[in-house]
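Colleague: As input, take target_16.pdb (PDB, C-alpha atoms):
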```pdb
MODEL        1
ATOM      1  CA  ALA A   1      74.647   5.237  -5.358
ATOM      2  CA  ASP A   2      73.224   4.634  -1.880
ATOM      3  CA  PRO A   3      69.407   4.754  -2.023
ATOM      4  CA  GLY A   4      68.820   2.325   0.826
ATOM      5  CA  ALA A   5      65.109   1.484   0.752
ATOM      6  CA  ALA A   6      64.143   4.717  -1.028
ATOM      7  CA  LEU A   7      63.581   3.017  -4.402
ATOM      8  CA  ARG A   8      61.776  -0.050  -3.123
ATOM      9  CA  GLU A   9      58.579  -0.692  -5.135
ATOM     10  CA  THR A  10      58.840   2.655  -6.936
ATOM     11  CA  THR A  11      58.695   3.570 -10.635
ATOM     12  CA  PHE A  12      60.722   6.006 -12.742
ATOM     13  CA  ASP A  13      60.864   7.560 -16.197
ATOM     14  CA  LEU A  14      63.788   8.687 -18.362
ATOM     15  CA  SER A  15      63.638  11.971 -20.268
ATOM     16  CA  ALA A  16      63.512  11.829 -24.073
ATOM     17  CA  ASP A  17      66.977  13.401 -24.352
ATOM     18  CA  GLY A  18      68.396  10.924 -21.824
ATOM     19  CA  GLY A  19      69.614  13.720 -19.577
ATOM     20  CA  PHE A  20      67.638  13.059 -16.397
ATOM     21  CA  VAL A  21      65.358  10.675 -14.570
ATOM     22  CA  VAL A  22      62.254  11.406 -12.489
ATOM     23  CA  THR A  23      61.473   8.759  -9.906
ATOM     24  CA  SER A  24      59.351   8.199  -6.831
ATOM     25  CA  TRP A  25      61.488   8.253  -3.687
ATOM     26  CA  GLN A  26      60.525   6.969  -0.241
ATOM     27  CA  GLU A  27      61.588   9.030   2.716
ATOM     28  CA  PRO A  28      60.668   9.150   6.431
ATOM     29  CA  GLY A  29      57.367  10.827   7.243
ATOM     30  CA  PRO A  30      55.678  11.658  10.546
ATOM     31  CA  GLY A  31      56.438   9.107  13.256
ATOM     32  CA  THR A  32      57.395   5.755  11.721
ATOM     33  CA  ALA A  33      55.474   6.325   8.491
ATOM     34  CA  LEU A  34      57.011   6.645   5.043
ATOM     35  CA  ARG A  35      55.962   9.119   2.383
ATOM     36  CA  VAL A  36      56.735   9.048  -1.325
ATOM     37  CA  VAL A  37      58.033  12.187  -3.038
ATOM     38  CA  LEU A  38      59.186  12.881  -6.598
ATOM     39  CA  VAL A  39      62.873  13.499  -7.258
ATOM     40  CA  ARG A  40      64.788  14.479 -10.372
ATOM     41  CA  ILE A  41      68.190  12.839 -10.846
ATOM     42  CA  ASP A  42      70.800  14.061 -13.306
ATOM     43  CA  ARG A  43      71.988  11.062 -15.313
ATOM     44  CA  ILE A  44      75.619  12.187 -15.523
ATOM     45  CA  SER A  45      76.323  13.724 -12.108
ATOM     46  CA  GLY A  46      73.779  11.745 -10.080
ATOM     47  CA  GLU A  47      72.637  14.968  -8.390
ATOM     48  CA  ARG A  48      69.186  14.442  -6.827
ATOM     49  CA  THR A  49      66.608  17.199  -6.353
ATOM     50  CA  THR A  50      63.154  16.859  -4.769
ATOM     51  CA  ILE A  51      60.706  18.459  -7.210
ATOM     52  CA  ALA A  52      57.331  17.621  -5.628
ATOM     53  CA  GLN A  53      56.207  16.543  -2.174
ATOM     54  CA  GLU A  54      53.086  16.608  -0.042
ATOM     55  CA  PRO A  55      52.919  15.677   3.669
ATOM     56  CA  GLY A  56      49.619  13.782   3.390
ATOM     57  CA  ALA A  57      50.056  12.038   0.042
ATOM     58  CA  ASP A  58      52.314   9.725  -1.966
ATOM     59  CA  LEU A  59      53.407  10.862  -5.446
ATOM     60  CA  GLU A  60      53.969   7.948  -7.803
ATOM     61  CA  ARG A  61      54.056   6.670 -11.423
ATOM     62  CA  PRO A  62      55.943   9.621 -12.957
ATOM     63  CA  ALA A  63      55.757  10.021 -16.748
ATOM     64  CA  ILE A  64      57.886  12.718 -18.413
ATOM     65  CA  SER A  65      56.333  14.493 -21.402
ATOM     66  CA  PRO A  66      57.987  13.773 -24.781
ATOM     67  CA  ASP A  67      59.171  17.389 -25.002
ATOM     68  CA  ASP A  68      60.793  17.066 -21.529
ATOM     69  CA  SER A  69      58.897  20.126 -20.251
ATOM     70  CA  ALA A  70      56.603  18.450 -17.695
ATOM     71  CA  VAL A  71      55.986  15.345 -15.641
ATOM     72  CA  ALA A  72      52.626  13.706 -14.932
ATOM     73  CA  PHE A  73      52.101  11.487 -11.887
ATOM     74  CA  THR A  74      49.508  10.033  -9.550
ATOM     75  CA  ARG A  75      48.770  11.447  -6.118
ATOM     76  CA  GLU A  76      47.422   9.065  -3.451
ATOM     77  CA  THR A  77      46.294  10.611  -0.192
ATOM     78  CA  HIS A  78      47.061   8.749   3.027
ATOM     79  CA  SER A  79      44.121   6.910   4.535
ATOM     80  CA  THR A  80      42.949   7.592   8.080
ATOM     81  CA  PRO A  81      40.624   5.735  10.472
ATOM     82  CA  THR A  82      37.763   7.869   9.137
ATOM     83  CA  ALA A  83      38.741   8.538   5.499
ATOM     84  CA  PRO A  84      39.798   6.243   2.645
ATOM     85  CA  PRO A  85      42.658   7.106   0.289
ATOM     86  CA  ARG A  86      41.994   8.946  -2.959
ATOM     87  CA  ILE A  87      44.069   8.707  -6.145
ATOM     88  CA  THR A  88      44.140  11.566  -8.656
ATOM     89  CA  LEU A  89      46.211  12.535 -11.694
ATOM     90  CA  CYS A  90      48.534  15.534 -11.509
ATOM     91  CA  CYS A  91      50.801  17.353 -13.941
ATOM     92  CA  MET A  92      53.715  19.659 -13.204
ATOM     93  CA  ARG A  93      55.632  21.889 -15.580
ATOM     94  CA  PHE A  94      59.246  21.890 -14.441
ATOM     95  CA  GLY A  95      59.848  25.002 -12.355
ATOM     96  CA  GLU A  96      56.140  25.421 -11.554
ATOM     97  CA  ASP A  97      53.767  24.022  -8.917
ATOM     98  CA  PRO A  98      51.874  20.753  -9.572
ATOM     99  CA  VAL A  99      48.303  20.956 -10.858
ATOM    100  CA  GLU A 100      45.690  18.347  -9.945
ATOM    101  CA  LEU A 101      43.874  17.392 -13.156
ATOM    102  CA  THR A 102      41.238  14.869 -12.062
ATOM    103  CA  GLY A 103      40.131  16.015  -8.618
ATOM    104  CA  ASP A 104      36.457  15.685  -9.583
ATOM    105  CA  TRP A 105      36.797  12.391 -11.503
ATOM    106  CA  ASP A 106      35.327   9.403  -9.664
ATOM    107  CA  ARG A 107      38.031   6.996 -10.864
ATOM    108  CA  TRP A 108      41.517   6.070  -9.686
ATOM    109  CA  PRO A 109      44.177   6.257 -12.439
ATOM    110  CA  SER A 110      46.430   3.193 -12.310
ATOM    111  CA  SER A 111      48.946   3.950 -15.103
ATOM    112  CA  VAL A 112      50.103   7.086 -16.915
ATOM    113  CA  ALA A 113      51.577   7.644 -20.386
ATOM    114  CA  TRP A 114      51.887  10.593 -22.798
ATOM    115  CA  MET A 115      50.849  10.814 -26.422
ATOM    116  CA  PRO A 116      54.021  11.415 -28.475
ATOM    117  CA  ASP A 117      53.021  15.024 -29.287
ATOM    118  CA  SER A 118      52.398  15.799 -25.585
ATOM    119  CA  SER A 119      48.767  16.679 -26.423
ATOM    120  CA  ALA A 120      47.141  14.169 -24.044
ATOM    121  CA  LEU A 121      47.763  11.846 -21.141
ATOM    122  CA  ILE A 122      46.694   8.233 -21.581
ATOM    123  CA  VAL A 123      45.622   6.526 -18.343
ATOM    124  CA  THR A 124      43.952   3.326 -17.229
ATOM    125  CA  ALA A 125      41.474   3.058 -14.354
ATOM    126  CA  ASP A 126      39.097   0.517 -12.857
ATOM    127  CA  ASP A 127      35.525   1.032 -14.025
ATOM    128  CA  GLY A 128      32.686  -1.339 -13.129
ATOM    129  CA  GLY A 129      34.775  -4.507 -13.135
ATOM    130  CA  ARG A 130      36.679  -3.470 -16.260
ATOM    131  CA  GLY A 131      39.850  -1.454 -16.872
ATOM    132  CA  PRO A 132      39.335   0.936 -19.823
ATOM    133  CA  ILE A 133      41.781   3.381 -21.372
ATOM    134  CA  PHE A 134      41.057   7.098 -20.955
ATOM    135  CA  SER A 135      42.528  10.266 -22.466
ATOM    136  CA  VAL A 136      43.079  13.255 -20.150
ATOM    137  CA  ASP A 137      43.759  16.796 -21.336
ATOM    138  CA  PRO A 138      46.993  17.908 -19.575
ATOM    139  CA  VAL A 139      45.712  21.492 -19.274
ATOM    140  CA  SER A 140      41.983  21.301 -18.536
ATOM    141  CA  GLY A 141      41.824  17.808 -17.026
ATOM    142  CA  ALA A 142      38.918  16.836 -19.310
ATOM    143  CA  VAL A 143      38.547  13.046 -19.453
ATOM    144  CA  THR A 144      37.524  11.079 -22.567
ATOM    145  CA  ARG A 145      36.955   7.333 -22.513
ATOM    146  CA  LEU A 146      38.736   5.592 -25.407
ATOM    147  CA  THR A 147      37.716   1.936 -24.991
ATOM    148  CA  ASP A 148      34.317   0.487 -24.114
ATOM    149  CA  ASP A 149      34.365  -3.298 -23.810
ATOM    150  CA  ASP A 150      34.496  -6.074 -21.202
ATOM    151  CA  PHE A 151      38.282  -6.004 -20.798
ATOM    152  CA  THR A 152      41.051  -4.572 -18.647
ATOM    153  CA  TYR A 153      43.992  -2.848 -20.343
ATOM    154  CA  SER A 154      47.597  -2.667 -19.147
ATOM    155  CA  ASP A 155      51.118  -1.907 -20.474
ATOM    156  CA  VAL A 156      49.730   0.944 -22.577
ATOM    157  CA  ARG A 157      52.154   2.331 -25.198
ATOM    158  CA  PRO A 158      51.127   5.285 -27.411
ATOM    159  CA  ALA A 159      52.860   5.277 -30.810
ATOM    160  CA  PRO A 160      54.118   8.231 -32.927
ATOM    161  CA  ASP A 161      51.362   7.685 -35.513
ATOM    162  CA  GLY A 162      48.628   8.315 -32.941
ATOM    163  CA  LEU A 163      47.769   4.646 -32.418
ATOM    164  CA  ILE A 164      47.943   3.002 -29.000
ATOM    165  CA  TYR A 165      49.229  -0.490 -28.249
ATOM    166  CA  ALA A 166      48.395  -2.372 -25.065
ATOM    167  CA  LEU A 167      47.742  -5.715 -23.442
ATOM    168  CA  ARG A 168      44.082  -6.605 -22.906
ATOM    169  CA  SER A 169      42.631  -9.274 -20.637
ATOM    170  CA  SER A 170      39.462 -10.416 -18.870
ATOM    171  CA  TYR A 171      38.231 -13.270 -16.725
ATOM    172  CA  ALA A 172      37.798 -15.282 -19.929
ATOM    173  CA  VAL A 173      40.916 -14.327 -21.886
ATOM    174  CA  PRO A 174      44.572 -14.056 -20.762
ATOM    175  CA  PRO A 175      46.569 -10.917 -21.656
ATOM    176  CA  HIS A 176      46.935 -10.481 -25.427
ATOM    177  CA  PRO A 177      48.268  -7.581 -27.550
ATOM    178  CA  VAL A 178      45.886  -5.144 -29.217
ATOM    179  CA  ARG A 179      46.016  -1.928 -31.229
ATOM    180  CA  ILE A 180      43.604   0.948 -30.495
ATOM    181  CA  GLY A 181      42.801   3.367 -33.324
ATOM    182  CA  ARG A 182      42.095   7.066 -33.050
ATOM    183  CA  ASP A 183      38.363   6.331 -33.129
ATOM    184  CA  GLY A 184      38.617   3.767 -30.324
ATOM    185  CA  THR A 185      38.481   0.728 -32.625
ATOM    186  CA  VAL A 186      40.340  -2.194 -31.027
ATOM    187  CA  THR A 187      42.183  -4.692 -33.232
ATOM    188  CA  GLU A 188      43.587  -7.925 -31.804
ATOM    189  CA  LEU A 189      47.156  -8.644 -32.898
ATOM    190  CA  PRO A 190      48.314 -12.190 -33.719
ATOM    191  CA  CYS A 191      48.728 -14.212 -30.543
ATOM    192  CA  ILE A 192      48.054 -17.675 -29.132
ATOM    193  CA  GLU A 193      44.439 -18.788 -28.995
ATOM    194  CA  ALA A 194      42.876 -18.658 -25.549
ATOM    195  CA  PRO A 195      41.473 -21.899 -24.111
ATOM    196  CA  GLU A 196      37.724 -22.202 -23.817
ATOM    197  CA  LEU A 197      36.389 -21.141 -20.445
ATOM    198  CA  PRO A 198      34.632 -24.019 -18.594
ATOM    199  CA  GLY A 199      31.629 -22.022 -17.464
ATOM    200  CA  THR A 200      30.175 -18.525 -17.504
ATOM    201  CA  VAL A 201      30.494 -15.320 -15.518
ATOM    202  CA  THR A 202      27.505 -12.967 -15.732
ATOM    203  CA  GLU A 203      27.236  -9.468 -14.322
ATOM    204  CA  VAL A 204      24.268  -9.037 -11.985
ATOM    205  CA  THR A 205      22.954  -5.769 -10.549
ATOM    206  CA  ALA A 206      20.582  -5.459  -7.615
ATOM    207  CA  THR A 207      19.036  -2.256  -6.272
ATOM    208  CA  ALA A 208      19.269  -1.300  -2.613
ATOM    209  CA  ALA A 209      16.366   0.204  -0.692
ATOM    210  CA  ASP A 210      17.717   3.713  -1.291
ATOM    211  CA  GLY A 211      18.029   3.098  -5.047
ATOM    212  CA  THR A 212      21.790   2.481  -5.094
ATOM    213  CA  PRO A 213      22.805  -0.147  -7.689
ATOM    214  CA  ILE A 214      24.906  -2.986  -6.245
ATOM    215  CA  ARG A 215      26.981  -4.980  -8.743
ATOM    216  CA  SER A 216      28.112  -8.579  -8.430
ATOM    217  CA  TRP A 217      29.161 -11.528 -10.577
ATOM    218  CA  LEU A 218      27.283 -14.836 -10.963
ATOM    219  CA  THR A 219      29.698 -17.673 -11.734
ATOM    220  CA  LEU A 220      28.287 -20.930 -13.112
ATOM    221  CA  PRO A 221      30.000 -24.133 -14.264
ATOM    222  CA  GLN A 222      29.258 -25.789 -17.576
ATOM    223  CA  GLY A 223      26.136 -27.904 -18.029
ATOM    224  CA  ASP A 224      22.704 -27.999 -16.417
ATOM    225  CA  GLU A 225      23.545 -30.189 -13.444
ATOM    226  CA  PRO A 226      22.785 -28.815  -9.971
ATOM    227  CA  ALA A 227      25.787 -26.977  -8.481
ATOM    228  CA  PRO A 228      26.622 -25.808  -4.938
TER
ENDMDL
END
```
Here is the file; what I need is its structure written in the form of structure tokens.
Modeller:
Amino acid sequence: ADPGAALRETTFDLSADGGFVVTSWQEPGPGTALRVVLVRIDRISGERTTIAQEPGADLERPAISPDDSAVAFTRETHSTPTAPPRITLCCMRFGEDPVELTGDWDRWPSSVAWMPDSSALIVTADDGGRGPIFSVDPVSGAVTRLTDDDFTYSDVRPAPDGLIYALRSSYAVPPHPVRIGRDGTVTELPCIEAPELPGTVTEVTATAADGTPIRSWLTLPQGDEPAP
């Protein structure tokens, strides 16, 4: 009833039986800093219980499993003057300690959803200028890439039949609905036609002296006329 600023810019999920909510919750940290913990709120009584917290990290994007036995979430460590933040995927069975699933994965999960049978977590993450969909095993943390194209996916919704629906976009095409099959096949769903892009964007990779590849994008207007 009185959250103050605790729910500002946070996300939540409702259990399948409608009995409780898990949400991120901002609370005071060391000094003037804020930290984000996970709380469980009973829908009827409003009773709030902190179920996961970590002094040096923010716990966000909770997603309750369809069988209401666990919650998955992202963990973002606080940056320091000498260390950048790191975002990983975690899963916690209610009543047990959280388990970090993707500690060795060199990607930052940006959204989390469950397959309807609770067999896998479906996440999105930036990858080389794209935003593919990945499947993560909620026990072993094994990651499998599901899409492999020049698009970024968002608003991912797994369906009971094993298919996945999402919005897909790129520099050339605005967000449009698609369906992803079990084999990774992507089918565009009826939508408005995108306008033609007045130019091209081409991926370019250079190699540094130590062999490190450095990616960039070359943007050119239409035509053969000289351009700035």
Colleague: Looking at all atoms listed in the file, which of A:Gly19, A:Pro28, A:Pro175, A:Pro109 is the one that sits closest to Glu47 in chain A?
Modeller: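 Using all atoms listed in the file, the shortest distance to Glu47 in chain A belongs to A:Gly19.
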Colleague: Using all atoms listed in the file for the distances, tell me which of A:Ala57, A:Leu220, A:Leu121, A:Ala209 is nearest to Ser79 in chain A.
Modeller: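 Using all atoms listed in the file, the shortest distance to Ser79 in chain A belongs to A:Ala57.
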Colleague: Near Ile214 in chain A, counting only C-alpha atoms, which residues have an atom at most 10 Å away, once you skip same-chain residues fewer than 3 positions from it, shown as a list in words?
Modeller: Val204, Thr205, Ala206, Thr207, Ala208 and Gly211 of chain A
Colleague: I'd like to see the residues matched by the PyMOL selection byres ((chain A and resi 25) around 8) on this file, and ideally I'd get them as a list in words.
Modeller: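 After applying the PyMOL selection byres ((chain A and resi 25) around 8), what remains is Ala6, Leu7, Thr10, Thr23, Ser24, Gln26, Glu27, Val36, Val37, Leu38 and Val39 of chain A.
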Colleague: Taking 3 positions as the minimum chain separation for residues in the same chain, which residues sit within 10 Å of Thr49 in chain A when counting only C-alpha atoms? Answer as a list of chain:residue names.
Modeller: A:Val22, A:Leu38, A:Val39, A:Arg40, A:Ile41, A:Asp42, A:Gly46, A:Ala52
Colleague: For the structure provided, state which residues fall under the PyMOL selection byres ((chain A and resi 94) around 10), and present them as a short mmCIF file (atom, residue, chain, number, x, y, z; two decimals) with C-alpha atoms, in the frame of the given file.
Modeller:
```cif
data_model
loop_
_atom_site.label_atom_id
_atom_site.label_comp_id
_atom_site.auth_asym_id
_atom_site.auth_seq_id
_atom_site.Cartn_x
_atom_site.Cartn_y
_atom_site.Cartn_z
CA ILE A 51 60.71 18.46 -7.21
CA ALA A 52 57.33 17.62 -5.63
CA ASP A 68 60.79 17.07 -21.53
CA SER A 69 58.90 20.13 -20.25
CA ALA A 70 56.60 18.45 -17.70
CA VAL A 71 55.99 15.34 -15.64
CA CYS A 91 50.80 17.35 -13.94
CA MET A 92 53.72 19.66 -13.20
CA ARG A 93 55.63 21.89 -15.58
CA GLY A 95 59.85 25.00 -12.36
CA GLU A 96 56.14 25.42 -11.55
CA ASP A 97 53.77 24.02 -8.92
CA PRO A 98 51.87 20.75 -9.57
#
```
Colleague: Residues near Gly103 in chain A, anyone? I mean within 9 Å using all atoms listed in the file, not counting same-chain ones fewer than 4 positions away, as a list of chain:residue names.
Modeller: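 Residues near the query, excluding close chain neighbours: A:Ile87, A:Thr88, A:Leu89, A:Cys90, A:Gly141.
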Colleague: If you count only C-alpha atoms, which residues fall within 9 Å of Tyr153 in chain A, apart from same-chain ones fewer than 3 positions away, as a ChimeraX atom specification?
Modeller: /A:124-125,130-133,156,166-170,175
Colleague: Write a file of the just-selected residues containing C-alpha atoms, as a PDB file, in the frame of the given file.
Modeller:
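part-v3.pdb, freshly written:
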```pdb
ATOM      1  CA  THR A 124      43.952   3.326 -17.229  1.00  0.00           C
ATOM      2  CA  ALA A 125      41.474   3.058 -14.354  1.00  0.00           C
ATOM      3  CA  ARG A 130      36.679  -3.470 -16.260  1.00  0.00           C
ATOM      4  CA  GLY A 131      39.850  -1.454 -16.872  1.00  0.00           C
ATOM      5  CA  PRO A 132      39.335   0.936 -19.823  1.00  0.00           C
ATOM      6  CA  ILE A 133      41.781   3.381 -21.372  1.00  0.00           C
ATOM      7  CA  VAL A 156      49.730   0.944 -22.577  1.00  0.00           C
ATOM      8  CA  ALA A 166      48.395  -2.372 -25.065  1.00  0.00           C
ATOM      9  CA  LEU A 167      47.742  -5.715 -23.442  1.00  0.00           C
ATOM     10  CA  ARG A 168      44.082  -6.605 -22.906  1.00  0.00           C
ATOM     11  CA  SER A 169      42.631  -9.274 -20.637  1.00  0.00           C
ATOM     12  CA  SER A 170      39.462 -10.416 -18.870  1.00  0.00           C
ATOM     13  CA  PRO A 175      46.569 -10.917 -21.656  1.00  0.00           C
TER      14      PRO A 175
END
```
Colleague: Which one of A:Leu59, A:Ala1, A:Ile64, A:Val178 sits closest to Arg86 in chain A if you count all atoms listed in the file?
Modeller: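 Of A:Leu59, A:Ala1, A:Ile64, A:Val178, the one nearest Arg86 in chain A, counting all atoms listed in the file, is A:Leu59.
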Colleague: Mind pulling up the distance from CA of Tyr171 in chain A to CA of Val123 in chain A?
Modeller: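 Interatomic distance here is 21.2 Å.
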Colleague: Choose the residue, out of A:Ser119, A:Thr74, A:Thr212, A:Thr147, that has the smallest atom-to-atom separation from Gly162 in chain A; count all atoms listed in the file.
Modeller: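 When distances to Gly162 in chain A are compared using all atoms listed in the file, the smallest one comes from A:Ser119.
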